[in-house]
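What follows is work.csv (CSV, C-alpha atoms and all ligand atoms).
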```
chain,number,residue,atom,x,y,z
L,21,MET,CA,-1.2,-29.2,21.1
L,22,GLU,CA,-4.6,-29.0,19.4
L,23,VAL,CA,-7.5,-27.5,21.3
L,24,VAL,CA,-11.0,-28.4,20.1
L,25,ILE,CA,-14.0,-26.5,21.7
L,26,VAL,CA,-17.2,-28.5,21.5
L,27,PRO,CA,-20.7,-27.3,22.6
L,28,ASP,CA,-21.2,-29.9,25.3
L,29,ALA,CA,-19.9,-33.1,26.9
L,30,ALA,CA,-21.9,-35.3,24.6
L,31,ALA,CA,-20.3,-33.7,21.5
L,32,GLY,CA,-16.8,-34.2,23.2
L,33,GLY,CA,-17.7,-37.8,23.8
L,34,GLU,CA,-18.7,-38.4,20.2
L,35,LEU,CA,-15.6,-36.7,18.8
L,36,ILE,CA,-13.2,-38.8,20.9
L,37,ALA,CA,-15.2,-42.0,20.3
L,38,GLU,CA,-14.9,-41.4,16.6
L,39,ALA,CA,-11.1,-40.9,17.0
L,40,MET,CA,-11.0,-44.2,18.9
L,41,ALA,CA,-13.1,-45.9,16.2
L,42,GLN,CA,-10.8,-44.7,13.4
L,43,LEU,CA,-7.8,-46.0,15.3
L,44,LEU,CA,-9.5,-49.4,15.8
L,45,ARG,CA,-10.4,-49.6,12.1
L,46,ARG,CA,-6.7,-49.0,11.3
L,47,LYS,CA,-5.3,-51.1,14.1
L,48,PRO,CA,-7.9,-53.5,15.5
L,49,ASP,CA,-5.7,-54.6,18.4
L,50,ALA,CA,-4.8,-51.0,19.5
L,51,LEU,CA,-4.0,-50.4,23.1
L,52,LEU,CA,-6.5,-47.9,24.4
L,53,GLY,CA,-5.5,-46.1,27.7
L,54,VAL,CA,-8.6,-45.2,29.7
L,55,ALA,CA,-9.3,-43.0,32.6
L,56,THR,CA,-12.1,-43.2,35.2
L,57,GLY,CA,-14.2,-40.5,36.8
L,58,SER,CA,-17.2,-38.8,35.4
L,59,THR,CA,-15.7,-37.0,32.4
L,60,PRO,CA,-15.0,-39.9,30.1
L,61,LEU,CA,-18.4,-41.5,30.4
L,62,PRO,CA,-19.8,-39.8,27.3
L,63,VAL,CA,-16.8,-41.2,25.4
L,64,TYR,CA,-17.5,-44.8,26.5
L,65,GLN,CA,-21.2,-44.4,25.8
L,66,ALA,CA,-20.6,-43.1,22.3
L,67,LEU,CA,-18.0,-45.8,21.5
L,68,THR,CA,-20.4,-48.5,22.8
L,69,ALA,CA,-23.1,-47.1,20.5
L,70,LYS,CA,-20.7,-47.4,17.6
L,71,VAL,CA,-19.8,-51.0,18.5
L,72,ARG,CA,-23.4,-52.0,18.9
L,73,SER,CA,-24.4,-50.4,15.6
L,74,GLY,CA,-21.6,-52.3,13.8
L,75,ALA,CA,-19.8,-49.0,12.9
L,76,VAL,CA,-16.6,-50.4,14.5
L,77,ASP,CA,-15.4,-53.7,15.8
L,78,ALA,CA,-13.7,-53.5,19.3
L,79,SER,CA,-13.4,-57.2,19.8
L,80,ARG,CA,-9.6,-57.2,19.5
L,81,ALA,CA,-9.0,-53.9,21.3
L,82,ARG,CA,-6.8,-53.9,24.4
L,83,ILE,CA,-7.4,-51.7,27.4
L,84,ALA,CA,-4.8,-50.2,29.8
L,85,GLN,CA,-5.7,-48.6,33.1
L,86,LEU,CA,-4.3,-45.2,34.0
L,87,ASP,CA,-4.4,-45.4,37.8
L,88,GLU,CA,-5.8,-47.4,40.7
L,89,TYR,CA,-6.5,-47.0,44.4
L,90,VAL,CA,-4.1,-48.7,46.8
L,91,GLY,CA,-5.6,-51.1,49.2
L,92,LEU,CA,-9.1,-51.4,47.8
L,93,PRO,CA,-9.9,-55.1,47.0
L,94,ALA,CA,-9.9,-55.6,43.2
L,95,ASP,CA,-13.6,-56.6,43.4
L,96,HIS,CA,-14.6,-53.5,45.4
L,97,PRO,CA,-17.2,-51.7,43.3
L,98,GLU,CA,-15.1,-48.5,43.3
L,99,SER,CA,-11.8,-50.0,42.5
L,100,TYR,CA,-10.9,-48.6,39.1
L,101,ARG,CA,-10.5,-52.1,37.8
L,102,SER,CA,-14.2,-52.8,38.7
L,103,VAL,CA,-15.3,-49.4,37.3
L,104,LEU,CA,-13.6,-50.0,34.0
L,105,ARG,CA,-15.0,-53.5,33.8
L,106,ARG,CA,-18.5,-52.0,34.3
L,107,GLU,CA,-18.1,-48.9,32.2
L,108,VAL,CA,-15.7,-49.9,29.4
L,109,LEU,CA,-15.0,-53.6,29.0
L,110,GLU,CA,-18.4,-55.1,29.4
L,111,PRO,CA,-20.3,-52.6,27.2
L,112,LEU,CA,-17.6,-53.0,24.5
L,113,GLY,CA,-17.6,-56.7,24.8
L,114,ILE,CA,-13.9,-56.9,25.7
L,115,GLY,CA,-12.7,-59.7,28.0
L,116,MET,CA,-10.5,-59.2,31.1
L,117,ASP,CA,-7.7,-61.1,29.2
L,118,ALA,CA,-7.3,-57.9,27.1
L,119,PHE,CA,-7.1,-55.7,30.1
L,120,MET,CA,-4.0,-54.5,31.9
L,121,GLY,CA,-3.7,-52.5,35.1
L,122,PRO,CA,-1.5,-52.1,38.2
L,123,ASP,CA,-2.1,-54.3,41.2
L,124,GLY,CA,-3.4,-52.0,43.9
L,125,THR,CA,-3.5,-54.8,46.4
L,126,ALA,CA,0.2,-55.9,46.0
L,127,GLN,CA,2.3,-56.3,49.1
L,128,ASP,CA,5.2,-54.8,47.3
L,129,VAL,CA,3.6,-51.7,45.8
L,130,GLN,CA,6.8,-50.4,44.3
L,131,ALA,CA,7.5,-53.6,42.5
L,132,ALA,CA,3.9,-53.6,41.2
L,133,CYS,CA,4.4,-50.1,39.9
L,134,GLU,CA,7.6,-51.0,38.1
L,135,ALA,CA,6.0,-54.1,36.7
L,136,TYR,CA,3.1,-52.2,35.2
L,137,ASP,CA,5.3,-49.6,33.7
L,138,ARG,CA,7.4,-52.3,32.1
L,139,ALA,CA,4.2,-54.2,30.9
L,140,LEU,CA,3.0,-51.1,29.1
L,141,THR,CA,6.2,-50.9,27.1
L,142,GLU,CA,6.3,-54.6,26.5
L,143,ALA,CA,2.7,-54.4,25.2
L,144,GLY,CA,4.0,-52.0,22.5
L,145,GLY,CA,2.9,-48.8,24.3
L,146,VAL,CA,-0.4,-47.1,24.5
L,147,ASP,CA,-1.8,-46.0,21.1
L,148,LEU,CA,-4.4,-43.5,22.4
L,149,GLN,CA,-4.5,-42.4,26.1
L,150,LEU,CA,-7.7,-40.7,27.2
L,151,LEU,CA,-7.2,-38.3,30.1
L,152,GLY,CA,-9.5,-36.3,32.4
L,153,ILE,CA,-8.1,-33.5,34.4
L,154,GLY,CA,-8.5,-32.7,38.1
L,155,THR,CA,-9.6,-29.2,39.3
L,156,ASP,CA,-6.0,-28.8,40.4
L,157,GLY,CA,-4.6,-29.8,37.0
L,158,HIS,CA,-3.7,-33.4,37.8
L,159,ILE,CA,-3.6,-36.1,35.1
L,160,GLY,CA,-3.9,-39.6,36.2
L,161,PHE,CA,-3.2,-39.0,39.9
L,162,ASN,CA,-0.1,-36.9,39.3
L,163,GLU,CA,-1.0,-34.2,41.7
L,164,PRO,CA,0.6,-30.7,41.5
L,165,CYS,CA,4.4,-30.7,41.8
L,166,SER,CA,4.7,-34.3,40.5
L,167,SER,CA,7.9,-34.7,38.4
L,168,LEU,CA,7.2,-34.2,34.7
L,169,ALA,CA,9.5,-37.2,34.1
L,170,SER,CA,7.8,-39.5,36.7
L,171,ARG,CA,7.2,-43.1,36.0
L,172,THR,CA,4.4,-45.3,37.5
L,173,ARG,CA,4.5,-45.1,41.2
L,174,ILE,CA,2.5,-44.7,44.4
L,175,LYS,CA,1.1,-41.2,45.2
L,176,THR,CA,-0.8,-39.6,48.0
L,177,LEU,CA,-4.0,-38.0,47.0
L,178,THR,CA,-4.5,-34.3,48.0
L,179,GLU,CA,-7.3,-33.4,50.3
L,180,GLN,CA,-9.1,-31.7,47.4
L,181,THR,CA,-9.0,-34.8,45.2
L,182,ARG,CA,-10.3,-36.9,48.1
L,183,ILE,CA,-13.1,-34.4,48.5
L,184,ASP,CA,-13.8,-34.4,44.8
L,185,ASN,CA,-13.9,-38.3,44.7
L,186,ALA,CA,-16.0,-38.7,47.9
L,187,ARG,CA,-19.1,-38.7,45.6
L,188,PHE,CA,-18.1,-42.2,44.5
L,189,PHE,CA,-18.0,-43.4,48.1
L,190,ASP,CA,-21.5,-42.3,49.4
L,191,GLY,CA,-20.2,-38.8,49.9
L,192,ASP,CA,-18.0,-40.1,52.8
L,193,ILE,CA,-14.4,-38.8,52.4
L,194,GLU,CA,-13.3,-41.3,55.1
L,195,GLN,CA,-13.9,-44.1,52.7
L,196,VAL,CA,-11.7,-42.5,49.9
L,197,PRO,CA,-8.3,-44.2,50.0
L,198,HIS,CA,-5.3,-41.9,50.6
L,199,HIS,CA,-3.0,-43.6,48.1
L,200,VAL,CA,-3.1,-44.5,44.5
L,201,ILE,CA,-0.9,-46.1,41.9
L,202,THR,CA,-0.7,-43.8,38.9
L,203,GLN,CA,1.1,-43.9,35.6
L,204,GLY,CA,3.7,-41.2,35.9
L,205,ILE,CA,3.7,-38.1,33.7
L,206,GLY,CA,6.8,-39.5,31.8
L,207,THR,CA,4.9,-42.8,31.3
L,208,ILE,CA,1.7,-41.0,30.1
L,209,LEU,CA,3.8,-38.9,27.6
L,210,GLU,CA,4.9,-42.1,25.9
L,211,ALA,CA,1.5,-42.8,24.6
L,212,ARG,CA,1.3,-42.1,20.8
L,213,HIS,CA,-1.7,-39.9,21.1
L,214,LEU,CA,-2.9,-38.1,24.2
L,215,VAL,CA,-6.5,-36.9,24.3
L,216,LEU,CA,-7.7,-34.9,27.3
L,217,LEU,CA,-11.4,-34.2,27.8
L,218,ALA,CA,-12.5,-31.5,30.2
L,219,THR,CA,-16.1,-30.4,30.7
L,220,GLY,CA,-17.8,-28.0,33.0
L,221,GLU,CA,-16.9,-24.7,34.5
L,222,GLY,CA,-15.1,-26.3,37.5
L,223,LYS,CA,-12.3,-27.3,35.1
L,224,ALA,CA,-11.9,-23.9,33.4
L,225,ASP,CA,-8.9,-22.7,35.5
L,226,ALA,CA,-7.1,-26.0,35.1
L,227,VAL,CA,-7.7,-26.0,31.3
L,228,ALA,CA,-6.3,-22.4,31.0
L,229,ALA,CA,-3.2,-23.4,33.0
L,230,THR,CA,-2.8,-26.5,30.8
L,231,VAL,CA,-3.1,-24.8,27.5
L,232,GLU,CA,-1.9,-21.3,28.1
L,233,GLY,CA,0.3,-21.5,31.2
L,234,PRO,CA,3.9,-22.4,31.4
L,235,VAL,CA,4.9,-26.0,31.3
L,236,ALA,CA,5.3,-26.5,35.0
L,237,ALA,CA,4.9,-29.3,37.6
L,238,VAL,CA,2.4,-27.1,39.5
L,239,CYS,CA,0.0,-27.9,36.7
L,240,PRO,CA,0.8,-31.5,35.7
L,241,ALA,CA,-1.5,-31.4,32.6
L,242,SER,CA,0.7,-28.6,31.2
L,243,ALA,CA,3.2,-31.5,30.3
L,244,LEU,CA,0.8,-32.1,27.3
L,245,GLN,CA,2.5,-29.1,25.7
L,246,LEU,CA,5.6,-31.3,25.3
L,247,HIS,CA,3.8,-34.0,23.4
L,248,PRO,CA,4.0,-34.1,19.6
L,249,HIS,CA,0.3,-35.3,19.3
L,250,ALA,CA,-1.9,-34.0,22.1
L,251,THR,CA,-5.5,-33.1,21.6
L,252,VAL,CA,-7.4,-31.2,24.3
L,253,VAL,CA,-11.2,-31.4,23.9
L,254,VAL,CA,-13.2,-28.9,26.0
L,255,ASP,CA,-16.8,-27.8,26.2
L,256,GLU,CA,-17.6,-24.2,26.2
L,257,ALA,CA,-17.8,-24.0,30.0
L,258,ALA,CA,-14.3,-25.6,30.5
L,259,ALA,CA,-13.0,-23.3,27.7
L,260,SER,CA,-14.4,-20.2,29.4
L,261,LYS,CA,-11.1,-19.0,30.8
L,262,LEU,CA,-9.0,-19.4,27.7
L,263,LYS,CA,-7.8,-16.1,26.3
L,301,LIG,C1,-9.0,-41.0,37.0
L,301,LIG,C2,-8.1,-39.9,36.6
L,301,LIG,C3,-8.3,-38.5,37.1
L,301,LIG,C4,-9.6,-38.0,36.7
L,301,LIG,C5,-9.8,-36.6,37.3
L,301,LIG,C6,-11.1,-35.9,36.8
L,301,LIG,O1,-8.6,-42.2,36.4
L,301,LIG,O2,-7.1,-40.2,36.0
L,301,LIG,O3,-7.2,-37.7,36.7
L,301,LIG,O4,-9.6,-37.9,35.3
L,301,LIG,O5,-9.7,-36.6,38.7
L,301,LIG,O6,-12.1,-36.6,37.4
L,301,LIG,P1,-13.6,-36.4,36.9
L,301,LIG,O7,-13.7,-36.7,35.4
L,301,LIG,O8,-14.5,-37.3,37.7
L,301,LIG,O9,-13.9,-34.9,37.1
```
What is this structure when it is put down as structure tokens?
Ligand code: F6R
Amino acid sequence: MEVVIVPDAAAGGELIAEAMAQLLRRKPDALLGVATGSTPLPVYQALTAKVRSGAVDASRARIAQLDEYVGLPADHPESYRSVLRREVLEPLGIGMDAFMGPDGTAQDVQAACEAYDRALTEAGGVDLQLLGIGTDGHIGFNEPCSSLASRTRIKTLTEQTRIDNARFFDGDIEQVPHHVITQGIGTILEARHLVLLATGEGKADAVAATVEGPVAAVCPASALQLHPHATVVVDEAAASKLK
């Protein structure tokens, strides 16, 4: 695992956007795995700037979703499909035909999870998976004590994660769904390059456990230690509890 400490979130965004741009120059139809939440926004903004300046062409890129709320209509503004359309696909000029994600509205959620896991493999696998990290060490929505070998499946959000995400739902935790479909940790580990971005002091404990703790289900992100090509990009605040 490579740990890169950057001065701030913007520098982390620029670094990761450049890694994505280099990948797209080498492989124009690369499958980029993307996360939602606040942390990745500087990455998407920096990559959009590169596309708009002509530094990279993302027109053939394919986008894969990491996780999705269960039960929110696909066109709900906070469904992760909507968020990614707004924050990634439209700015980069990528059509929905190049997007893949789990169906959070499926009647048979289990079948939808299995179908998405299979679809990722059939698409050739994710080339670069961008990850954020929860204050409790989750990646995707693999909450603490998720199996490190897990596949895409339905998970129940912890109270802490619902509190953390209430800010996207007018601060009202009652509106935050209880369930999500998430790529499993085993699924995430199949991506060819994992890039985790963590910014802010609130992530410092989780980053320390990820990088310096034992590989343990109690900190799902520690599974990155098992991956042959994992990069952890942290700002100084998120790095503050590293030894
Ligand atoms: C969301 C996801 C989550 C977030 C994590 C951090 O798709 O996969 O693991 O990355 O909850 O969220 P932020 O970046 O909002 O602190």
Test item: residues no farther than 6 Å from ligand LIG 301 (chain L), counting only C-alpha atoms and all ligand atoms, as a ChimeraX atom specification:
/L:55-59,86-87,151-154,158-161
Of the listed residues L:Asp147, L:Leu104, L:Gln203, L:Glu22, that which approaches Arg46 of chain L most closely, counting only C-alpha atoms:
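For Arg46 of chain L, the nearest of the candidates is L:Asp147.
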Write out as a PyMOL selection string each polymer residue whose atoms come within 8 Å of Ser166 of chain L, counting all atoms listed in the file; drop sequence neighbours fewer than 5 positions from it.
chain L and resi 205+237-238+240
Using only C-alpha atoms, find all polymer residues with an atom at most 12 Å away from the point (-8.5, -47.3, 38.6); report them as JSON, numbers by chain.
{"L": [53, 54, 55, 56, 57, 84, 85, 86, 87, 88, 89, 90, 91, 92, 93, 94, 95, 96, 97, 98, 99, 100, 101, 102, 103, 104, 105, 106, 107, 108, 120, 121, 122, 123, 124, 125, 160, 161, 197, 199, 200, 201, 202, 203]}
Save out the residues we just selected, C-alpha atoms, as a PDB file, keeping the file's coordinate frame.
```
ATOM      1  CA  GLY L  53      -5.500 -46.100  27.700  1.00  0.00           C
ATOM      2  CA  VAL L  54      -8.600 -45.200  29.700  1.00  0.00           C
ATOM      3  CA  ALA L  55      -9.300 -43.000  32.600  1.00  0.00           C
ATOM      4  CA  THR L  56     -12.100 -43.200  35.200  1.00  0.00           C
ATOM      5  CA  GLY L  57     -14.200 -40.500  36.800  1.00  0.00           C
ATOM      6  CA  ALA L  84      -4.800 -50.200  29.800  1.00  0.00           C
ATOM      7  CA  GLN L  85      -5.700 -48.600  33.100  1.00  0.00           C
ATOM      8  CA  LEU L  86      -4.300 -45.200  34.000  1.00  0.00           C
ATOM      9  CA  ASP L  87      -4.400 -45.400  37.800  1.00  0.00           C
ATOM     10  CA  GLU L  88      -5.800 -47.400  40.700  1.00  0.00           C
ATOM     11  CA  TYR L  89      -6.500 -47.000  44.400  1.00  0.00           C
ATOM     12  CA  VAL L  90      -4.100 -48.700  46.800  1.00  0.00           C
ATOM     13  CA  GLY L  91      -5.600 -51.100  49.200  1.00  0.00           C
ATOM     14  CA  LEU L  92      -9.100 -51.400  47.800  1.00  0.00           C
ATOM     15  CA  PRO L  93      -9.900 -55.100  47.000  1.00  0.00           C
ATOM     16  CA  ALA L  94      -9.900 -55.600  43.200  1.00  0.00           C
ATOM     17  CA  ASP L  95     -13.600 -56.600  43.400  1.00  0.00           C
ATOM     18  CA  HIS L  96     -14.600 -53.500  45.400  1.00  0.00           C
ATOM     19  CA  PRO L  97     -17.200 -51.700  43.300  1.00  0.00           C
ATOM     20  CA  GLU L  98     -15.100 -48.500  43.300  1.00  0.00           C
ATOM     21  CA  SER L  99     -11.800 -50.000  42.500  1.00  0.00           C
ATOM     22  CA  TYR L 100     -10.900 -48.600  39.100  1.00  0.00           C
ATOM     23  CA  ARG L 101     -10.500 -52.100  37.800  1.00  0.00           C
ATOM     24  CA  SER L 102     -14.200 -52.800  38.700  1.00  0.00           C
ATOM     25  CA  VAL L 103     -15.300 -49.400  37.300  1.00  0.00           C
ATOM     26  CA  LEU L 104     -13.600 -50.000  34.000  1.00  0.00           C
ATOM     27  CA  ARG L 105     -15.000 -53.500  33.800  1.00  0.00           C
ATOM     28  CA  ARG L 106     -18.500 -52.000  34.300  1.00  0.00           C
ATOM     29  CA  GLU L 107     -18.100 -48.900  32.200  1.00  0.00           C
ATOM     30  CA  VAL L 108     -15.700 -49.900  29.400  1.00  0.00           C
ATOM     31  CA  MET L 120      -4.000 -54.500  31.900  1.00  0.00           C
ATOM     32  CA  GLY L 121      -3.700 -52.500  35.100  1.00  0.00           C
ATOM     33  CA  PRO L 122      -1.500 -52.100  38.200  1.00  0.00           C
ATOM     34  CA  ASP L 123      -2.100 -54.300  41.200  1.00  0.00           C
ATOM     35  CA  GLY L 124      -3.400 -52.000  43.900  1.00  0.00           C
ATOM     36  CA  THR L 125      -3.500 -54.800  46.400  1.00  0.00           C
ATOM     37  CA  GLY L 160      -3.900 -39.600  36.200  1.00  0.00           C
ATOM     38  CA  PHE L 161      -3.200 -39.000  39.900  1.00  0.00           C
ATOM     39  CA  PRO L 197      -8.300 -44.200  50.000  1.00  0.00           C
ATOM     40  CA  HIS L 199      -3.000 -43.600  48.100  1.00  0.00           C
ATOM     41  CA  VAL L 200      -3.100 -44.500  44.500  1.00  0.00           C
ATOM     42  CA  ILE L 201      -0.900 -46.100  41.900  1.00  0.00           C
ATOM     43  CA  THR L 202      -0.700 -43.800  38.900  1.00  0.00           C
ATOM     44  CA  GLN L 203       1.100 -43.900  35.600  1.00  0.00           C
TER      45      GLN L 203
END
```
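Nearest residue to Ala228 of chain L, choosing from L:Val196, L:Leu214, L:Ala132, L:Ala241 and counting all atoms listed in the file: L:Ala241.
Of the listed residues L:Ser170, L:Val63, L:Pro27, L:Leu217, the one whose atoms come nearest to Glu256 of chain L is L:Pro27, with distances taken using all atoms listed in the file.
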Compile the contact shell of Ala250 of chain L as number ranges by chain: residues with an atom at most 9 Å away, counting only C-alpha atoms, same-chain residues fewer than 6 positions apart removed.
L: 21-23, 212-216, 244
Would you output that residue set with C-alpha atoms, as a CSV table (one decimal), in the coordinates of the input?
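The result, written out as again_10.csv:
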```
chain,number,residue,atom,x,y,z
L,21,MET,CA,-1.2,-29.2,21.1
L,22,GLU,CA,-4.6,-29.0,19.4
L,23,VAL,CA,-7.5,-27.5,21.3
L,212,ARG,CA,1.3,-42.1,20.8
L,213,HIS,CA,-1.7,-39.9,21.1
L,214,LEU,CA,-2.9,-38.1,24.2
L,215,VAL,CA,-6.5,-36.9,24.3
L,216,LEU,CA,-7.7,-34.9,27.3
L,244,LEU,CA,0.8,-32.1,27.3
```
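All protein, DNA and RNA residues at most 7 Å from (4.3, -45.8, 34.2) are Tyr136, Asp137, Arg171, Thr172, Gln203, Gly204, Thr207 and Ile208 of chain L, using only C-alpha atoms.
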What does the structure give for the distance between atom CA of Asp184 of chain L and atom CA of Lys223 of chain L, in Å to one decimal?
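Computing it gives 12.1 Å between the two atoms.
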When you draw a straight line from atom CA of Asp117 of chain L to atom CA of Pro48 of chain L, how long is it in Å?
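Distance between the two atoms: 15.7 Å.
Counting from atom CA of Cys239 of chain L, the distance to atom CA of Pro164 of chain L is 5.6 Å.
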Which is closest to Ala41 of chain L among L:Ala211, L:Val235, L:Ala29, L:Val76, if we use only C-alpha atoms?
L:Val76
Can you sort out segment 198-221 of chain L so it carries N, CA and C atoms, written as a PDB file, in the coordinates of the input?
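After the write, result03.pdb holds the following:
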```pdb
ATOM      1  N   HIS L 198      -6.286 -43.034  50.647  1.00  0.00           N
ATOM      2  CA  HIS L 198      -5.300 -41.900  50.600  1.00  0.00           C
ATOM      3  C   HIS L 198      -4.283 -42.098  49.525  1.00  0.00           C
ATOM      4  N   HIS L 199      -4.096 -43.354  49.087  1.00  0.00           N
ATOM      5  CA  HIS L 199      -3.000 -43.600  48.100  1.00  0.00           C
ATOM      6  C   HIS L 199      -3.514 -44.243  46.842  1.00  0.00           C
ATOM      7  N   VAL L 200      -2.778 -43.969  45.791  1.00  0.00           N
ATOM      8  CA  VAL L 200      -3.100 -44.500  44.500  1.00  0.00           C
ATOM      9  C   VAL L 200      -1.794 -44.941  43.790  1.00  0.00           C
ATOM     10  N   ILE L 201      -1.935 -45.855  42.842  1.00  0.00           N
ATOM     11  CA  ILE L 201      -0.900 -46.100  41.900  1.00  0.00           C
ATOM     12  C   ILE L 201      -1.270 -45.344  40.623  1.00  0.00           C
ATOM     13  N   THR L 202      -0.380 -44.554  40.101  1.00  0.00           N
ATOM     14  CA  THR L 202      -0.700 -43.800  38.900  1.00  0.00           C
ATOM     15  C   THR L 202       0.438 -43.955  37.868  1.00  0.00           C
ATOM     16  N   GLN L 203       0.067 -44.093  36.598  1.00  0.00           N
ATOM     17  CA  GLN L 203       1.100 -43.900  35.600  1.00  0.00           C
ATOM     18  C   GLN L 203       1.738 -42.547  35.825  1.00  0.00           C
ATOM     19  N   GLY L 204       3.058 -42.470  35.699  1.00  0.00           N
ATOM     20  CA  GLY L 204       3.700 -41.200  35.900  1.00  0.00           C
ATOM     21  C   GLY L 204       3.508 -40.290  34.667  1.00  0.00           C
ATOM     22  N   ILE L 205       3.902 -39.042  34.809  1.00  0.00           N
ATOM     23  CA  ILE L 205       3.700 -38.100  33.700  1.00  0.00           C
ATOM     24  C   ILE L 205       4.642 -38.555  32.519  1.00  0.00           C
ATOM     25  N   GLY L 206       5.850 -38.986  32.853  1.00  0.00           N
ATOM     26  CA  GLY L 206       6.800 -39.500  31.800  1.00  0.00           C
ATOM     27  C   GLY L 206       6.159 -40.703  31.107  1.00  0.00           C
ATOM     28  N   THR L 207       5.503 -41.565  31.888  1.00  0.00           N
ATOM     29  CA  THR L 207       4.900 -42.800  31.300  1.00  0.00           C
ATOM     30  C   THR L 207       3.726 -42.326  30.377  1.00  0.00           C
ATOM     31  N   ILE L 208       2.883 -41.422  30.863  1.00  0.00           N
ATOM     32  CA  ILE L 208       1.700 -41.000  30.100  1.00  0.00           C
ATOM     33  C   ILE L 208       2.218 -40.345  28.749  1.00  0.00           C
ATOM     34  N   LEU L 209       3.308 -39.587  28.818  1.00  0.00           N
ATOM     35  CA  LEU L 209       3.800 -38.900  27.600  1.00  0.00           C
ATOM     36  C   LEU L 209       4.308 -39.881  26.553  1.00  0.00           C
ATOM     37  N   GLU L 210       4.496 -41.159  26.923  1.00  0.00           N
ATOM     38  CA  GLU L 210       4.900 -42.100  25.900  1.00  0.00           C
ATOM     39  C   GLU L 210       3.822 -42.672  25.052  1.00  0.00           C
ATOM     40  N   ALA L 211       2.577 -42.398  25.426  1.00  0.00           N
ATOM     41  CA  ALA L 211       1.500 -42.800  24.600  1.00  0.00           C
ATOM     42  C   ALA L 211       1.587 -42.087  23.220  1.00  0.00           C
ATOM     43  N   ARG L 212       1.150 -42.748  22.147  1.00  0.00           N
ATOM     44  CA  ARG L 212       1.300 -42.100  20.800  1.00  0.00           C
ATOM     45  C   ARG L 212       0.401 -40.935  20.598  1.00  0.00           C
ATOM     46  N   HIS L 213      -0.787 -40.976  21.187  1.00  0.00           N
ATOM     47  CA  HIS L 213      -1.700 -39.900  21.100  1.00  0.00           C
ATOM     48  C   HIS L 213      -2.368 -39.625  22.420  1.00  0.00           C
ATOM     49  N   LEU L 214      -2.288 -38.411  22.916  1.00  0.00           N
ATOM     50  CA  LEU L 214      -2.900 -38.100  24.200  1.00  0.00           C
ATOM     51  C   LEU L 214      -4.185 -37.257  23.885  1.00  0.00           C
ATOM     52  N   VAL L 215      -5.285 -37.651  24.491  1.00  0.00           N
ATOM     53  CA  VAL L 215      -6.500 -36.900  24.300  1.00  0.00           C
ATOM     54  C   VAL L 215      -7.100 -36.596  25.674  1.00  0.00           C
ATOM     55  N   LEU L 216      -7.135 -35.318  25.985  1.00  0.00           N
ATOM     56  CA  LEU L 216      -7.700 -34.900  27.300  1.00  0.00           C
ATOM     57  C   LEU L 216      -9.043 -34.292  27.077  1.00  0.00           C
ATOM     58  N   LEU L 217      -9.999 -34.760  27.858  1.00  0.00           N
ATOM     59  CA  LEU L 217     -11.400 -34.200  27.800  1.00  0.00           C
ATOM     60  C   LEU L 217     -11.636 -33.490  29.119  1.00  0.00           C
ATOM     61  N   ALA L 218     -12.116 -32.249  29.005  1.00  0.00           N
ATOM     62  CA  ALA L 218     -12.500 -31.500  30.200  1.00  0.00           C
ATOM     63  C   ALA L 218     -13.846 -30.838  29.947  1.00  0.00           C
ATOM     64  N   THR L 219     -14.747 -31.024  30.891  1.00  0.00           N
ATOM     65  CA  THR L 219     -16.100 -30.400  30.700  1.00  0.00           C
ATOM     66  C   THR L 219     -16.503 -29.748  32.032  1.00  0.00           C
ATOM     67  N   GLY L 220     -17.233 -28.675  31.881  1.00  0.00           N
ATOM     68  CA  GLY L 220     -17.800 -28.000  33.000  1.00  0.00           C
ATOM     69  C   GLY L 220     -16.882 -26.851  33.513  1.00  0.00           C
ATOM     70  N   GLU L 221     -17.541 -25.866  34.112  1.00  0.00           N
ATOM     71  CA  GLU L 221     -16.900 -24.700  34.500  1.00  0.00           C
ATOM     72  C   GLU L 221     -15.785 -24.928  35.600  1.00  0.00           C
TER      73      GLU L 221
END
```
